[in-house]
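What follows is work-v3.cif (mmCIF, C-alpha atoms).
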```
data_protein
loop_
_atom_site.label_atom_id
_atom_site.label_comp_id
_atom_site.auth_asym_id
_atom_site.auth_seq_id
_atom_site.Cartn_x
_atom_site.Cartn_y
_atom_site.Cartn_z
CA MET Y 7 -6.50 -3.74 18.49
CA LEU Y 8 -8.17 -6.21 16.14
CA LEU Y 9 -9.51 -4.72 12.92
CA LYS Y 10 -11.66 -6.37 10.29
CA PRO Y 11 -11.77 -3.78 7.51
CA TRP Y 12 -12.94 -4.52 4.00
CA SER Y 13 -14.05 -2.42 1.08
CA TYR Y 14 -15.95 -3.14 -2.10
CA PHE Y 15 -12.77 -3.08 -4.19
CA GLY Y 16 -10.86 -5.45 -1.90
CA LEU Y 17 -8.80 -2.66 -0.30
CA CYS Y 18 -8.76 -2.54 3.45
CA ARG Y 19 -8.20 0.99 4.67
CA ASN Y 20 -7.33 2.82 7.86
CA VAL Y 21 -5.56 -0.11 9.40
CA LEU Y 22 -2.13 -0.81 10.73
CA VAL Y 23 0.32 -3.01 8.80
CA ALA Y 24 1.74 -6.45 9.47
CA GLY Y 25 2.80 -9.58 7.58
CA LEU Y 26 1.13 -11.78 4.98
CA LEU Y 27 2.31 -15.33 4.40
CA GLY Y 28 5.60 -16.12 6.10
CA LEU Y 29 8.14 -18.89 5.86
CA VAL Y 30 10.46 -17.62 8.59
CA ALA Y 31 9.31 -18.48 12.09
CA CYS Y 32 9.05 -15.25 14.09
CA GLU Y 33 6.87 -14.90 17.14
CA PRO Y 34 4.18 -12.22 16.94
CA VAL Y 35 4.30 -9.57 19.62
CA PRO Y 36 1.02 -9.50 21.58
CA GLY Y 37 -1.40 -6.98 20.12
CA THR Y 38 0.29 -6.75 16.75
CA VAL Y 39 -2.46 -8.07 14.52
CA ILE Y 40 -2.95 -5.33 11.97
CA LEU Y 41 -5.58 -6.99 9.83
CA GLN Y 42 -7.73 -10.03 10.40
CA ASP Y 43 -10.55 -10.67 7.99
CA ASP Y 44 -12.76 -13.74 7.74
CA PHE Y 45 -15.06 -11.94 5.24
CA GLU Y 46 -18.13 -12.57 7.41
CA GLN Y 47 -18.83 -8.84 7.84
CA ALA Y 48 -18.66 -8.28 4.06
CA GLY Y 49 -20.85 -11.38 3.57
CA ALA Y 50 -23.54 -9.85 5.76
CA ALA Y 51 -23.56 -6.61 3.73
CA VAL Y 52 -26.62 -5.78 1.65
CA PRO Y 53 -26.03 -5.93 -1.19
CA ARG Y 54 -23.19 -8.43 -0.80
CA PRO Y 55 -20.13 -7.48 -2.89
CA PRO Y 56 -19.64 -9.88 -5.83
CA GLU Y 57 -16.18 -10.94 -4.57
CA ILE Y 58 -17.67 -12.35 -1.38
CA SER Y 59 -18.92 -15.91 -1.82
CA SER Y 60 -20.87 -18.45 0.21
CA GLU Y 61 -19.79 -21.28 -2.16
CA SER Y 62 -16.80 -22.29 0.00
CA ALA Y 63 -15.42 -21.07 3.33
CA HIS Y 64 -12.65 -22.15 5.67
CA SER Y 65 -14.46 -20.72 8.69
CA GLY Y 66 -17.89 -19.19 8.94
CA SER Y 67 -20.06 -18.90 5.85
CA PHE Y 68 -18.13 -16.59 3.51
CA SER Y 69 -14.79 -16.26 1.72
CA TYR Y 70 -13.25 -13.98 -0.91
CA LYS Y 71 -13.67 -15.49 -4.39
CA VAL Y 72 -11.06 -14.55 -6.97
CA ALA Y 73 -12.91 -14.92 -10.27
CA LEU Y 74 -11.52 -15.85 -13.68
CA ALA Y 75 -11.78 -12.25 -14.83
CA SER Y 76 -9.71 -10.94 -11.92
CA ALA Y 77 -5.93 -11.01 -11.55
CA TYR Y 78 -6.11 -9.73 -7.96
CA GLY Y 79 -7.63 -10.95 -4.72
CA PRO Y 80 -7.97 -9.16 -1.40
CA SER Y 81 -5.56 -6.32 -0.76
CA TRP Y 82 -4.56 -3.93 1.99
CA GLN Y 83 -2.44 -0.78 2.14
CA ALA Y 84 -1.26 1.84 4.63
CA THR Y 85 1.67 4.13 5.17
CA TRP Y 86 4.54 2.66 7.16
CA ASP Y 87 3.88 5.17 9.94
CA ALA Y 88 0.15 4.35 10.11
CA ALA Y 89 1.03 0.64 10.18
CA GLY Y 90 3.07 1.07 13.36
CA GLN Y 91 6.49 1.14 11.65
CA PRO Y 92 6.94 -2.63 11.33
CA LYS Y 93 10.32 -4.11 10.51
CA LYS Y 94 8.76 -7.46 9.54
CA LEU Y 95 5.28 -8.44 8.39
CA ARG Y 96 3.77 -11.90 8.57
CA VAL Y 97 0.94 -12.62 6.15
CA LYS Y 98 -1.28 -15.67 6.59
CA ALA Y 99 -4.25 -16.88 4.59
CA TRP Y 100 -6.26 -20.01 4.00
CA LEU Y 101 -6.51 -20.75 0.27
CA ASN Y 102 -8.58 -23.20 -1.71
CA LEU Y 103 -6.98 -23.71 -5.13
CA PRO Y 104 -8.44 -25.76 -8.01
CA GLY Y 105 -5.02 -26.96 -9.17
CA ASN Y 106 -1.47 -25.86 -9.84
CA ARG Y 107 -1.88 -24.43 -13.34
CA GLN Y 108 -2.18 -20.81 -12.28
CA LYS Y 109 0.71 -18.86 -10.80
CA THR Y 110 -0.62 -17.27 -7.63
CA ALA Y 111 1.44 -15.14 -5.27
CA VAL Y 112 1.05 -13.12 -2.13
CA VAL Y 113 2.82 -9.82 -2.72
CA VAL Y 114 4.25 -7.27 -0.29
CA GLU Y 115 5.21 -4.03 -1.98
CA VAL Y 116 6.68 -0.79 -0.61
CA ALA Y 117 6.38 2.39 -2.68
CA ARG Y 118 7.78 5.89 -2.22
CA ASN Y 119 6.18 8.74 -4.17
CA GLY Y 120 4.46 6.21 -6.44
CA ALA Y 121 7.68 4.35 -7.33
CA THR Y 122 8.09 0.73 -6.19
CA ARG Y 123 11.17 0.30 -3.98
CA TYR Y 124 10.53 -3.20 -2.62
CA TRP Y 125 8.56 -6.07 -4.13
CA ARG Y 126 8.62 -9.57 -2.60
CA THR Y 127 6.35 -12.54 -3.10
CA LEU Y 128 5.36 -15.87 -1.71
CA SER Y 129 4.72 -18.21 -4.62
CA VAL Y 130 1.64 -20.06 -3.45
CA ASN Y 131 2.21 -22.84 -6.00
CA GLU Y 132 5.49 -23.74 -4.29
CA VAL Y 133 3.71 -24.21 -0.97
CA VAL Y 134 0.26 -25.64 -1.73
CA LYS Y 135 0.41 -29.25 -2.90
CA ARG Y 136 -3.19 -30.34 -2.19
CA PHE Y 137 -6.06 -28.93 -4.19
CA HIS Y 138 -9.84 -28.52 -3.78
CA GLN Y 139 -9.33 -28.16 -0.03
CA TRP Y 140 -8.28 -25.42 2.37
CA GLU Y 141 -4.52 -24.97 2.88
CA LEU Y 142 -2.78 -22.47 5.17
CA VAL Y 143 -0.05 -20.39 3.55
CA TRP Y 144 2.12 -17.85 5.35
CA LYS Y 145 5.35 -15.94 5.07
CA THR Y 146 7.30 -13.36 7.04
CA PHE Y 147 8.56 -10.45 4.95
CA VAL Y 148 11.54 -8.38 6.15
CA LEU Y 149 10.93 -4.78 5.09
CA PRO Y 150 13.75 -2.53 3.83
CA ARG Y 151 15.86 -0.81 6.49
CA ASP Y 152 15.47 2.65 4.95
CA ILE Y 153 11.66 2.62 4.83
CA GLY Y 154 10.20 6.03 5.67
CA PRO Y 155 7.05 7.14 7.52
CA ASP Y 156 5.23 8.17 4.32
CA ASP Y 157 6.19 5.08 2.29
CA THR Y 158 3.16 2.99 1.35
CA ILE Y 159 3.01 -0.71 2.15
CA LYS Y 160 0.68 -2.84 0.03
CA VAL Y 161 -0.21 -6.49 0.57
CA TYR Y 162 -2.26 -8.34 -2.03
CA LEU Y 163 -2.98 -11.65 -3.74
CA TRP Y 164 -2.04 -11.78 -7.43
CA GLN Y 165 -2.68 -14.35 -10.18
CA ALA Y 166 -0.06 -14.03 -12.91
CA GLY Y 167 -0.65 -15.71 -16.23
CA GLU Y 168 -3.46 -18.26 -16.45
CA ARG Y 169 -6.26 -17.56 -14.02
CA GLN Y 170 -8.57 -19.96 -12.23
CA ILE Y 171 -11.25 -19.47 -9.62
CA LEU Y 172 -9.80 -19.67 -6.12
CA TYR Y 173 -10.97 -18.82 -2.62
CA VAL Y 174 -9.27 -16.90 0.21
CA ASP Y 175 -10.39 -16.92 3.85
CA ASP Y 176 -9.12 -15.97 7.31
CA TRP Y 177 -6.59 -13.48 6.01
CA THR Y 178 -4.22 -12.04 8.65
CA ILE Y 179 -1.41 -9.49 8.60
CA GLU Y 180 0.78 -9.20 11.70
CA LYS Y 181 3.70 -7.10 12.86
CA VAL Y 182 6.34 -9.54 14.14
CA ALA Y 183 9.21 -9.04 16.52
CA PRO Y 184 12.65 -8.51 14.98
#
```

Can you dump the structure from the file as structure tokens?
Amino acid sequence: MLLKPWSYFGLCRNVLVAGLLGLVACEPVPGTVILQDDFEQAGAAVPRPPEISSESAHSGSFSYKVALASAYGPSWQATWDAAGQPKKLRVKAWLNLPGNRQKTAVVVEVARNGATRYWRTLSVNEVVKRFHQWELVWKTFVLPRDIGPDDTIKVYLWQAGERQILYVDDWTIEKVAP
């Protein structure tokens, strides 16, 4: 099942979980795309949310613009059970960065009863070496073995420290085979 959820605050809801940005090569199991968003549906909304931009896009006409005032880009969350109980998540996104001054990361976080139990990142600045153009970043995240059905998985883009305008497009989260 292919879902393209999006909400005004950048949280995708009622979707299954998978991986964002992966460095380990794991093959996706057919039908395990949990989230795939090219931001075209949000771009067609009236009124269009301010985070959705037609200034630059990898595919289609729209992308998610992370503004100077925002430390966070698109995000998604679900319980482990609702996500299909993945052992590994692969997260992929196309990013357009203005330079390497900001510290941008894709984060996968697992929380139990509001307390963070797992927090892993992909440092985008270690991967992207070309700027003012679209670059694919991805990573496979291995989730903790003792994750429970009610634990919450969150996947989001985060700018730590100095912020710059950047664009995100064609964001995918997949459940990958062990």

Spatial neighbours of Tyr78 (chain Y), 8 Å, only C-alpha atoms, chain gap at least 4 places, as an NGL selection string
:Y and (72 or 162-165)

What's around region 96-103 of chain Y at 8 Å? Count all atoms listed in the file, leave out sequence neighbours fewer than 5 positions away in its own chain, and write the answer as a PyMOL selection string.
chain Y and resi 24-28+64+137-147+171-182

If you measure from CA of Thr38 (chain Y) to CA of Pro155 (chain Y), what distance in Å do you get, rounded to one decimal?
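Here the two named atoms are 18.0 Å from each other.
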
Just to confirm, what's the straight-line distance from CA of Trp82 (chain Y) to CA of Pro104 (chain Y) in Å (one decimal)?
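CA of Pro104 (chain Y) lies at a distance of 24.3 Å from CA of Trp82 (chain Y).
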
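The space between CA of Ala117 (chain Y) and CA of Gly167 (chain Y) spans 23.7 Å.
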
If you apply the PyMOL selection byres ((chain Y and resi 119-128) around 9) to this file, what residues do you get, as a PyMOL selection string?
chain Y and resi 26-29+110-118+129-133+143-145+147+149-150+156-158

Pick from Y:Val134, Y:Ala63, Y:Ile58, Y:Ala183, whichever lies nearest to Gly79 (chain Y) using all atoms listed in the file:
Y:Ile58

Please, what is the axis-aligned box for every listed atom of region 148-151 of chain Y with 4 Å on each side, as centre and edge lengths in Å to one decimal, as lines of an AutoDock Vina configuration file?
```
center_x = 13.4
center_y = -4.6
center_z = 5.2
size_x = 12.9
size_y = 15.6
size_z = 10.7
```

Residues at most 8 Å from Ala48 (chain Y), counting all atoms listed in the file, excluding those fewer than 3 positions away in the same chain, as a short mmCIF file (atom, residue, chain, number, x, y, z; two decimals) with C-alpha atoms, in the coordinates of the input?
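As a result, result-v3.cif now contains:
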```cif
data_model
loop_
_atom_site.label_atom_id
_atom_site.label_comp_id
_atom_site.auth_asym_id
_atom_site.auth_seq_id
_atom_site.Cartn_x
_atom_site.Cartn_y
_atom_site.Cartn_z
CA TRP Y 12 -12.94 -4.52 4.00
CA PHE Y 45 -15.06 -11.94 5.24
CA ALA Y 51 -23.56 -6.61 3.73
CA ARG Y 54 -23.19 -8.43 -0.80
CA PRO Y 55 -20.13 -7.48 -2.89
CA ILE Y 58 -17.67 -12.35 -1.38
#
```
